[in-house]
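Structure file query-v1.csv (CSV, C-alpha atoms (C1' of nucleotides)) follows.
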```
chain,number,residue,atom,x,y,z
A,1,MET,CA,-4.4,-5.5,0.8
A,2,PRO,CA,-4.0,-3.6,4.0
A,3,GLU,CA,-3.5,0.2,3.4
A,4,LEU,CA,-3.3,2.9,6.0
A,5,PRO,CA,-6.8,2.6,7.4
A,6,GLU,CA,-6.6,-1.2,7.7
A,7,VAL,CA,-3.1,-1.0,9.3
A,8,GLU,CA,-4.3,1.7,11.7
A,9,THR,CA,-7.3,-0.5,12.6
A,10,ILE,CA,-5.1,-3.5,13.3
A,11,VAL,CA,-2.7,-1.4,15.4
A,12,ARG,CA,-5.7,-0.1,17.5
A,13,ARG,CA,-7.1,-3.6,18.0
A,14,LEU,CA,-3.8,-5.1,18.9
A,15,ARG,CA,-2.5,-2.4,21.2
A,16,SER,CA,-4.2,-3.4,24.4
A,17,SER,CA,-3.2,-7.1,24.1
A,18,VAL,CA,0.5,-6.5,23.3
A,19,MET,CA,1.5,-3.3,25.2
A,20,GLY,CA,3.5,-4.1,28.3
A,21,ARG,CA,3.8,-7.7,27.3
A,22,ARG,CA,7.2,-9.3,27.2
A,23,ILE,CA,8.2,-11.5,24.2
A,24,VAL,CA,9.1,-14.9,25.4
A,25,ALA,CA,9.9,-16.6,22.1
A,26,PHE,CA,10.0,-15.8,18.4
A,27,HIS,CA,9.6,-18.4,15.6
A,28,SER,CA,9.6,-18.0,11.8
A,29,ARG,CA,10.0,-20.7,9.2
A,30,CYS,CA,10.1,-18.1,6.4
A,31,ALA,CA,13.7,-16.9,6.2
A,32,LYS,CA,13.1,-14.5,3.4
A,33,GLN,CA,10.5,-12.5,5.3
A,34,ALA,CA,12.7,-11.6,8.3
A,35,ARG,CA,15.4,-8.9,8.1
A,36,PRO,CA,18.3,-9.0,8.5
A,37,ASN,CA,17.4,-12.7,9.3
A,38,VAL,CA,15.4,-14.8,11.6
A,39,ALA,CA,18.2,-15.3,14.1
A,40,ALA,CA,18.9,-11.6,14.4
A,41,VAL,CA,15.2,-10.8,14.9
A,42,ARG,CA,14.9,-13.5,17.6
A,43,ARG,CA,18.0,-12.2,19.4
A,44,ALA,CA,16.7,-8.7,19.3
A,45,VAL,CA,13.1,-9.3,20.4
A,46,VAL,CA,13.2,-12.2,22.8
A,47,GLY,CA,13.2,-11.0,26.4
A,48,GLN,CA,12.1,-7.5,25.3
A,49,THR,CA,9.0,-5.8,26.5
A,50,ILE,CA,6.7,-4.1,24.0
A,51,ALA,CA,6.5,-0.5,25.2
A,52,GLN,CA,4.2,0.9,22.5
A,53,LEU,CA,2.6,0.0,19.2
A,54,GLY,CA,2.4,2.5,16.4
A,55,ARG,CA,2.1,2.9,12.7
A,56,ARG,CA,4.1,4.7,10.0
A,57,GLY,CA,2.6,4.5,6.5
A,58,LYS,CA,1.6,0.9,6.1
A,59,TYR,CA,4.2,-0.3,8.6
A,60,ILE,CA,3.2,-1.6,12.1
A,61,VAL,CA,5.9,-0.4,14.6
A,62,PHE,CA,6.7,-2.3,17.8
A,63,TYR,CA,8.6,0.0,20.2
A,64,LEU,CA,10.8,-2.4,22.1
A,65,GLU,CA,11.8,-1.3,25.6
A,66,HIS,CA,15.5,-1.8,25.2
A,67,SER,CA,16.5,-2.8,21.7
A,68,GLY,CA,15.1,-0.6,18.9
A,69,PHE,CA,12.1,-1.3,16.9
A,70,LEU,CA,10.3,-4.2,15.1
A,71,LEU,CA,8.6,-3.2,11.8
A,72,VAL,CA,6.0,-5.4,10.3
A,73,HIS,CA,4.7,-4.8,6.8
A,74,LEU,CA,1.7,-6.9,5.8
A,75,GLY,CA,2.3,-6.8,2.1
A,76,MET,CA,-1.0,-7.7,0.4
A,77,SER,CA,-2.2,-10.8,2.3
A,78,GLY,CA,-0.6,-10.4,5.7
A,79,ARG,CA,-2.7,-10.6,8.9
A,80,LEU,CA,-1.5,-9.9,12.4
A,81,GLY,CA,-3.5,-11.0,15.4
A,82,VAL,CA,-3.3,-12.3,18.9
A,83,LEU,CA,-4.3,-15.9,19.4
A,84,SER,CA,-5.7,-17.0,22.8
A,85,ASN,CA,-4.5,-20.4,24.0
A,86,ASP,CA,-7.7,-22.1,23.0
A,87,ASP,CA,-8.3,-20.4,19.6
A,88,GLN,CA,-7.7,-22.4,16.4
A,89,SER,CA,-4.6,-21.4,14.5
A,90,PRO,CA,-5.2,-19.6,11.2
A,91,ARG,CA,-3.7,-20.9,8.0
A,92,HIS,CA,-0.4,-19.7,6.5
A,93,VAL,CA,1.2,-18.8,9.8
A,94,ARG,CA,4.7,-17.4,8.9
A,95,ALA,CA,5.9,-16.1,12.2
A,96,SER,CA,4.8,-16.2,15.9
A,97,TRP,CA,5.7,-14.3,19.0
A,98,GLU,CA,5.0,-16.0,22.3
A,99,LEU,CA,4.0,-13.4,24.9
A,100,ASP,CA,4.4,-13.6,28.7
A,101,ASP,CA,0.7,-13.9,29.3
A,102,GLY,CA,0.6,-17.2,27.4
A,103,ASN,CA,-1.0,-15.7,24.2
A,104,ARG,CA,0.7,-15.8,20.9
A,105,LEU,CA,0.9,-13.0,18.3
A,106,LEU,CA,0.7,-14.5,14.8
A,107,LEU,CA,1.6,-13.3,11.3
A,108,SER,CA,-0.3,-15.3,8.8
A,109,ASP,CA,0.4,-14.4,5.2
A,110,ALA,CA,-0.6,-16.6,2.3
A,111,ARG,CA,1.5,-14.8,-0.4
A,112,LYS,CA,4.5,-14.2,1.8
A,113,PHE,CA,4.9,-10.6,0.6
A,114,GLY,CA,4.9,-9.4,4.2
A,115,ARG,CA,8.2,-8.4,6.0
A,116,ILE,CA,9.5,-8.4,9.5
A,117,GLU,CA,12.4,-6.2,10.2
A,118,HIS,CA,14.3,-5.3,13.3
A,119,VAL,CA,16.0,-1.9,13.2
A,120,ALA,CA,17.9,0.1,15.8
A,121,ASP,CA,17.0,3.5,14.4
A,122,LEU,CA,13.3,4.1,13.5
A,123,ALA,CA,13.9,7.5,11.9
A,124,ALA,CA,16.6,6.1,9.6
A,125,ALA,CA,14.6,3.0,8.7
A,126,THR,CA,11.6,5.1,7.7
A,127,ALA,CA,13.5,7.9,6.1
A,128,GLY,CA,12.3,6.8,2.7
A,129,LEU,CA,8.7,7.2,3.6
A,130,GLY,CA,6.8,10.3,2.7
A,131,ILE,CA,4.5,12.5,4.7
A,132,GLU,CA,1.7,11.0,6.9
A,133,PRO,CA,-1.5,12.1,5.2
A,134,LEU,CA,-3.4,12.5,8.4
A,135,SER,CA,-0.7,14.6,10.1
A,136,SER,CA,-1.0,18.4,10.4
A,137,ALA,CA,2.1,18.7,8.1
A,138,PHE,CA,0.0,17.4,5.2
A,139,THR,CA,-1.6,20.7,4.1
A,140,ALA,CA,-3.1,21.8,0.7
A,141,ALA,CA,-0.2,24.1,0.4
A,142,TRP,CA,2.3,21.3,0.9
A,143,LEU,CA,0.5,19.2,-1.7
A,144,ALA,CA,0.4,22.0,-4.2
A,145,ALA,CA,4.1,22.6,-3.9
A,146,GLU,CA,4.9,18.9,-4.3
A,147,LEU,CA,2.6,18.5,-7.3
A,148,ARG,CA,4.3,21.5,-9.0
A,149,LYS,CA,7.7,20.0,-8.7
A,150,ARG,CA,6.9,17.0,-10.8
A,151,SER,CA,5.2,16.0,-14.0
A,152,ARG,CA,4.1,12.4,-13.4
A,153,GLN,CA,0.6,11.1,-13.8
A,154,LEU,CA,-1.4,11.6,-10.6
A,155,LYS,CA,-2.2,8.0,-9.8
A,156,PRO,CA,1.3,6.6,-9.8
A,157,LEU,CA,2.4,9.6,-7.8
A,158,LEU,CA,-0.2,9.1,-5.1
A,159,LEU,CA,0.8,5.4,-4.9
A,160,ASP,CA,4.4,6.4,-4.4
A,161,GLN,CA,5.2,5.8,-0.7
A,162,SER,CA,8.1,8.2,-0.7
A,163,LEU,CA,5.8,11.1,-1.3
A,164,ILE,CA,2.7,10.2,0.8
A,165,ALA,CA,2.9,7.1,3.1
A,166,GLY,CA,0.0,4.8,3.4
A,167,LEU,CA,-2.1,5.2,0.3
A,168,GLY,CA,-2.7,2.1,-1.9
A,169,ASN,CA,-4.9,1.2,-4.8
A,170,ILE,CA,-8.3,1.4,-3.1
A,171,TYR,CA,-7.9,4.8,-1.4
A,172,VAL,CA,-6.1,6.4,-4.3
A,173,ASP,CA,-9.1,5.6,-6.6
A,174,GLU,CA,-11.5,6.8,-4.0
A,175,SER,CA,-9.6,10.0,-3.3
A,176,LEU,CA,-9.4,10.8,-7.0
A,177,PHE,CA,-13.1,10.2,-7.5
A,178,ARG,CA,-14.1,12.4,-4.5
A,179,ALA,CA,-11.8,15.1,-5.9
A,180,GLY,CA,-13.3,14.8,-9.3
A,181,VAL,CA,-9.9,14.3,-10.9
A,182,HIS,CA,-8.8,11.8,-13.5
A,183,PRO,CA,-5.9,9.4,-12.5
A,184,LEU,CA,-4.0,10.2,-15.7
A,185,THR,CA,-3.9,13.9,-15.1
A,186,ARG,CA,-0.4,15.2,-15.0
A,187,CYS,CA,0.3,16.3,-11.4
A,188,ASP,CA,1.5,19.7,-12.4
A,189,ARG,CA,-1.6,20.4,-14.3
A,190,LEU,CA,-4.0,20.6,-11.3
A,191,ASP,CA,-5.4,24.0,-10.6
A,192,ARG,CA,-5.7,25.4,-7.1
A,193,ARG,CA,-9.3,24.3,-6.7
A,194,GLN,CA,-8.5,20.7,-7.8
A,195,THR,CA,-5.4,20.5,-5.5
A,196,ALA,CA,-7.5,21.7,-2.6
A,197,ALA,CA,-10.2,19.1,-3.5
A,198,LEU,CA,-7.7,16.3,-3.7
A,199,HIS,CA,-6.1,17.2,-0.4
A,200,ARG,CA,-9.4,17.3,1.3
A,201,ALA,CA,-10.5,14.0,-0.4
A,202,ILE,CA,-7.5,12.1,0.7
A,203,ARG,CA,-8.0,13.1,4.4
A,204,GLU,CA,-11.7,12.5,4.3
A,205,VAL,CA,-11.5,9.1,2.7
A,206,LEU,CA,-8.8,7.9,5.1
A,207,ARG,CA,-10.6,9.3,8.1
A,208,GLU,CA,-13.9,7.7,7.1
A,209,ALA,CA,-12.2,4.4,6.3
A,210,ILE,CA,-10.6,4.3,9.8
A,211,ARG,CA,-13.9,5.1,11.3
A,212,TYR,CA,-15.4,2.1,9.6
A,213,GLU,CA,-12.4,-0.1,10.4
A,214,GLY,CA,-11.1,-0.4,6.8
A,215,THR,CA,-12.2,-2.2,3.7
A,216,SER,CA,-12.9,-6.0,3.9
A,217,PHE,CA,-12.6,-7.3,0.3
A,218,ASP,CA,-11.7,-10.9,0.5
A,219,TRP,CA,-10.0,-13.3,2.8
A,220,ALA,CA,-7.0,-11.0,3.2
A,221,TYR,CA,-8.6,-8.6,5.6
A,222,ARG,CA,-11.8,-9.0,7.6
A,223,GLY,CA,-13.9,-7.0,9.9
A,224,GLY,CA,-14.0,-3.7,8.1
A,225,ARG,CA,-17.2,-2.0,6.9
A,226,MET,CA,-15.8,0.6,4.5
A,227,GLN,CA,-16.5,-1.5,1.4
A,228,ALA,CA,-20.2,-0.5,1.6
A,229,ARG,CA,-19.1,3.1,1.4
A,230,LEU,CA,-16.7,2.9,-1.5
A,231,LYS,CA,-17.8,5.0,-4.5
A,232,VAL,CA,-15.7,3.5,-7.3
A,233,TYR,CA,-13.3,0.8,-6.2
A,234,GLY,CA,-14.6,-2.6,-7.1
A,235,ARG,CA,-17.7,-1.1,-8.7
A,236,ALA,CA,-16.9,-1.4,-12.4
A,237,GLY,CA,-20.0,-1.3,-14.5
A,238,GLU,CA,-22.2,-0.2,-11.6
A,239,PRO,CA,-23.8,3.2,-11.7
A,240,CYS,CA,-21.9,6.1,-10.2
A,241,ARG,CA,-23.5,7.1,-6.9
A,242,ARG,CA,-23.4,10.7,-7.9
A,243,CYS,CA,-24.5,10.7,-11.6
A,244,ARG,CA,-25.5,7.2,-12.5
A,245,THR,CA,-22.9,6.9,-15.2
A,246,PRO,CA,-21.4,3.3,-15.2
A,247,ILE,CA,-18.1,3.2,-13.4
A,248,ALA,CA,-15.3,2.5,-15.8
A,249,TYR,CA,-12.3,0.2,-15.3
A,250,LEU,CA,-9.0,1.0,-16.8
A,251,ARG,CA,-5.3,0.2,-16.3
A,252,VAL,CA,-3.0,2.9,-15.1
A,253,SER,CA,0.7,2.1,-14.5
A,254,GLN,CA,-0.1,-1.7,-14.2
A,255,ARG,CA,-2.8,-1.1,-11.6
A,256,GLY,CA,-6.5,-1.7,-12.0
A,257,THR,CA,-8.2,1.7,-11.8
A,258,HIS,CA,-11.8,2.7,-11.2
A,259,ILE,CA,-13.3,6.0,-12.3
A,260,CYS,CA,-16.5,7.7,-13.1
A,261,PRO,CA,-16.0,8.9,-16.7
A,262,ARG,CA,-18.4,11.8,-16.1
A,263,CYS,CA,-17.3,13.0,-12.6
A,264,GLN,CA,-13.6,12.6,-13.5
A,265,PRO,CA,-13.3,13.9,-17.0
A,266,ALA,CA,-10.2,12.8,-19.0
A,267,PRO,CA,-7.5,15.5,-18.9
A,268,ARG,CA,-7.0,17.5,-22.1
A,269,SER,CA,-4.9,15.2,-24.3
A,270,ASP,CA,-2.1,17.7,-24.8
A,271,ARG,CA,0.9,16.4,-23.0
A,272,THR,CA,-1.1,14.2,-20.8
A,273,GLU,CA,0.4,11.1,-22.2
A,274,PRO,CA,3.5,11.0,-24.3
A,275,ALA,CA,2.5,11.9,-27.8
A,276,GLU,CA,2.2,8.9,-30.1
A,277,GLN,CA,4.9,9.1,-32.7
A,278,PRO,CA,4.8,6.8,-35.7
B,1,DT,C1',-6.0,-20.4,-16.4
B,2,DG,C1',-4.8,-15.9,-15.7
B,3,DA,C1',-5.8,-11.8,-13.3
B,4,DA,C1',-5.0,-9.3,-9.2
B,5,DT,C1',-2.4,-7.5,-5.4
B,6,DT,C1',2.4,-4.3,-2.9
B,7,DG,C1',6.8,-2.6,-2.8
B,8,DT,C1',11.5,-3.0,-4.6
B,9,DT,C1',14.7,-3.2,-8.2
B,10,DA,C1',16.5,-3.0,-12.8
B,11,DT,C1',16.4,-1.1,-17.3
B,12,DC,C1',15.3,1.9,-21.0
B,13,DG,C1',14.2,6.4,-23.0
B,14,DT,C1',14.0,11.5,-22.9
C,1,DA,C1',22.2,13.3,-15.1
C,2,DA,C1',17.8,13.2,-13.3
C,3,DC,C1',13.4,11.9,-14.0
C,4,DG,C1',9.6,9.1,-15.5
C,5,DA,C1',7.7,5.0,-17.5
C,6,DT,C1',7.8,0.0,-17.7
C,7,DA,C1',8.5,-4.6,-16.5
C,8,DA,C1',9.9,-8.2,-13.6
C,9,DC,C1',9.6,-10.4,-9.3
C,10,DA,C1',8.1,-12.5,-4.8
C,11,DA,C1',3.6,-16.2,-4.0
C,12,DT,C1',-1.1,-17.5,-3.8
C,13,DT,C1',-6.2,-17.5,-4.3
C,14,DC,C1',-10.4,-17.5,-6.8
```
Go ahead and render the structure in this file as structure tokens.
Amino acid sequence: MPELPEVETIVRRLRSSVMGRRIVAFHSRCAKQARPNVAAVRRAVVGQTIAQLGRRGKYIVFYLEHSGFLLVHLGMSGRLGVLSNDDQSPRHVRASWELDDGNRLLLSDARKFGRIEHVADLAAATAGLGIEPLSSAFTAAWLAAELRKRSRQLKPLLLDQSLIAGLGNIYVDESLFRAGVHPLTRCDRLDRRQTAALHRAIREVLREAIRYEGTSFDWAYRGGRMQARLKVYGRAGEPCRRCRTPIAYLRVSQRGTHICPRCQPAPRSDRTEPAEQP
DNA sequence: TGAATTGTTATCGT
DNA sequence: AACGATAACAATTC
């Protein structure tokens, strides 16, 4: 389940081996994963040089020298890596890019939730994505203003890619814990102190996760060391690292959610959830 | 066996 | 009408 820190790590690892390389061939046997379709992607990328590799939210962005951009979204099980000629091919390869140095870039993706898309206009294609949480535009004042505009529960709001791009289930839970805020809190009910704490927590958690090259949880993403530093995610029943209270597991908008019931007290019940009417 | 996972889309209610 | 909540869906592993 690659989120912003995992995608950033992949981009950094990949950069040196794909930048300046020309794409010699493109193959995909998974028609539904390529947009607008496999043939269009092949036409657009074959013969092109990769000028730069970047990230926007959870998207990996290939800056093609003469024909727009290739966006790769890893979904929840996608892995992108360069294979040397003599390496063994991973399982579930859905797409491959043959490079002019003889190496191959592979997308392996067991669950096929990943997407490959060629676009002419990067700004237009990513217009639906919200702010980059590590950019200087993401300030406590900005967050406070956005939280005031709405009334949703905090967790689904933070997962909404159209407000903040790149947060997923792991780092939302971690951010809320570090801010000491309950995921069911209505977003317009945070006071100034809590908003500042949340803003700070999001940036600190993402920065730390990038420093430790992301969270390796299962076969879907390997190589990270952040899992050892997580405070709540995946720690249901284990003692809180701050107060020893067992970490609780609940479900918030269909997502598994981890909290410390003591460090993240439940919001006052008035108007937090829709009142139960008989 | 079912729970878990992301993002998109549809639908319903307020 | 706009917003928010909810469910379904894609597919596979453990």
Taking (-11.5, 1.9, -15.4) in the file's coordinates, which residues come within 6 Å, counting only C-alpha atoms (C1' of nucleotides), written as a PyMOL selection string? chain A and resi 248-250+257-259
Can you pull out the residues contacting range 32-41 of chain A? Cut-off 6 Å, using all atoms listed in the file, and skip same-chain residues under 6 positions away; I want them as a ChimeraX atom specification. /A:115-118
Write out as CSV a residue-level contact list of chain A versus chain B with cut-off 9 Å: for each qualifying residue the closest pair of atoms and the distance in Å to one decimal, counting only C-alpha atoms (C1' of nucleotides), rows sorted by chain and residue number upward.
```
residue,atom,partner,partner_atom,distance
A:Met1,CA,B:DT5,C1',6.8
A:Gly75,CA,B:DT6,C1',5.6
A:Met76,CA,B:DT6,C1',5.8
A:Ser77,CA,B:DT5,C1',8.4
A:Phe113,CA,B:DT6,C1',7.6
A:Gln161,CA,B:DG7,C1',8.8
A:Gly168,CA,B:DT6,C1',8.2
A:Arg255,CA,B:DA4,C1',8.8
A:Gly256,CA,B:DA4,C1',8.2
```
Keeping C-alpha atoms, export the residues of the selection given above as a PDB file, in the coordinates of the input.
```pdb
ATOM      1  CA  MET A   1      -4.400  -5.500   0.800  1.00  0.00           C
ATOM      2  CA  GLY A  75       2.300  -6.800   2.100  1.00  0.00           C
ATOM      3  CA  MET A  76      -1.000  -7.700   0.400  1.00  0.00           C
ATOM      4  CA  SER A  77      -2.200 -10.800   2.300  1.00  0.00           C
ATOM      5  CA  PHE A 113       4.900 -10.600   0.600  1.00  0.00           C
ATOM      6  CA  GLN A 161       5.200   5.800  -0.700  1.00  0.00           C
ATOM      7  CA  GLY A 168      -2.700   2.100  -1.900  1.00  0.00           C
ATOM      8  CA  ARG A 255      -2.800  -1.100 -11.600  1.00  0.00           C
ATOM      9  CA  GLY A 256      -6.500  -1.700 -12.000  1.00  0.00           C
TER      10      GLY A 256
END
```
Given a cut-off of 7 Å, which residues of chain A touch chain C, counting all atoms listed in the file, written out as a count of residues only? 5
Do you know which residues are at most 6 Å from Arg225 in chain A counting only C-alpha atoms (C1' of nucleotides), after dropping those on the same chain fewer than 2 positions away, and could you put them as number ranges by chain? A: 212, 215, 227
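By all atoms listed in the file, and with residues fewer than 2 positions from Leu83 in chain A along its chain excluded, the set lying at most 10 Å from it is Leu80, Gly81, Asn85, Asp86, Asp87, Gln88, Ser89, Pro90, Ser96, Glu98, Gly102, Asn103, Arg104, Leu105 and Leu106 of chain A.
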How would you write as a PyMOL selection string the residues that get within 9 Å of (9.4, 0.6, 26.4) in the file's frame, counting all atoms listed in the file? chain A and resi 19-20+48-52+63-66
Which distance in Å separates CA of Ser253 in chain A and CA of Leu154 in chain A, to one decimal? 10.5 Å
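For the atom pair formed by CA of Arg29 in chain A and CA of Ser17 in chain A, the distance is 24.1 Å, given to one decimal.
Counting from CA of Lys155 in chain A, the distance to CA of Val252 in chain A is 7.4 Å.
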For Arg56 in chain A, which of A:Ala201, A:Ala127, A:Cys30, A:Val82 is the closest residue, counting all atoms listed in the file?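 The shortest atom-to-atom distance to Arg56 in chain A comes from A:Ala127.
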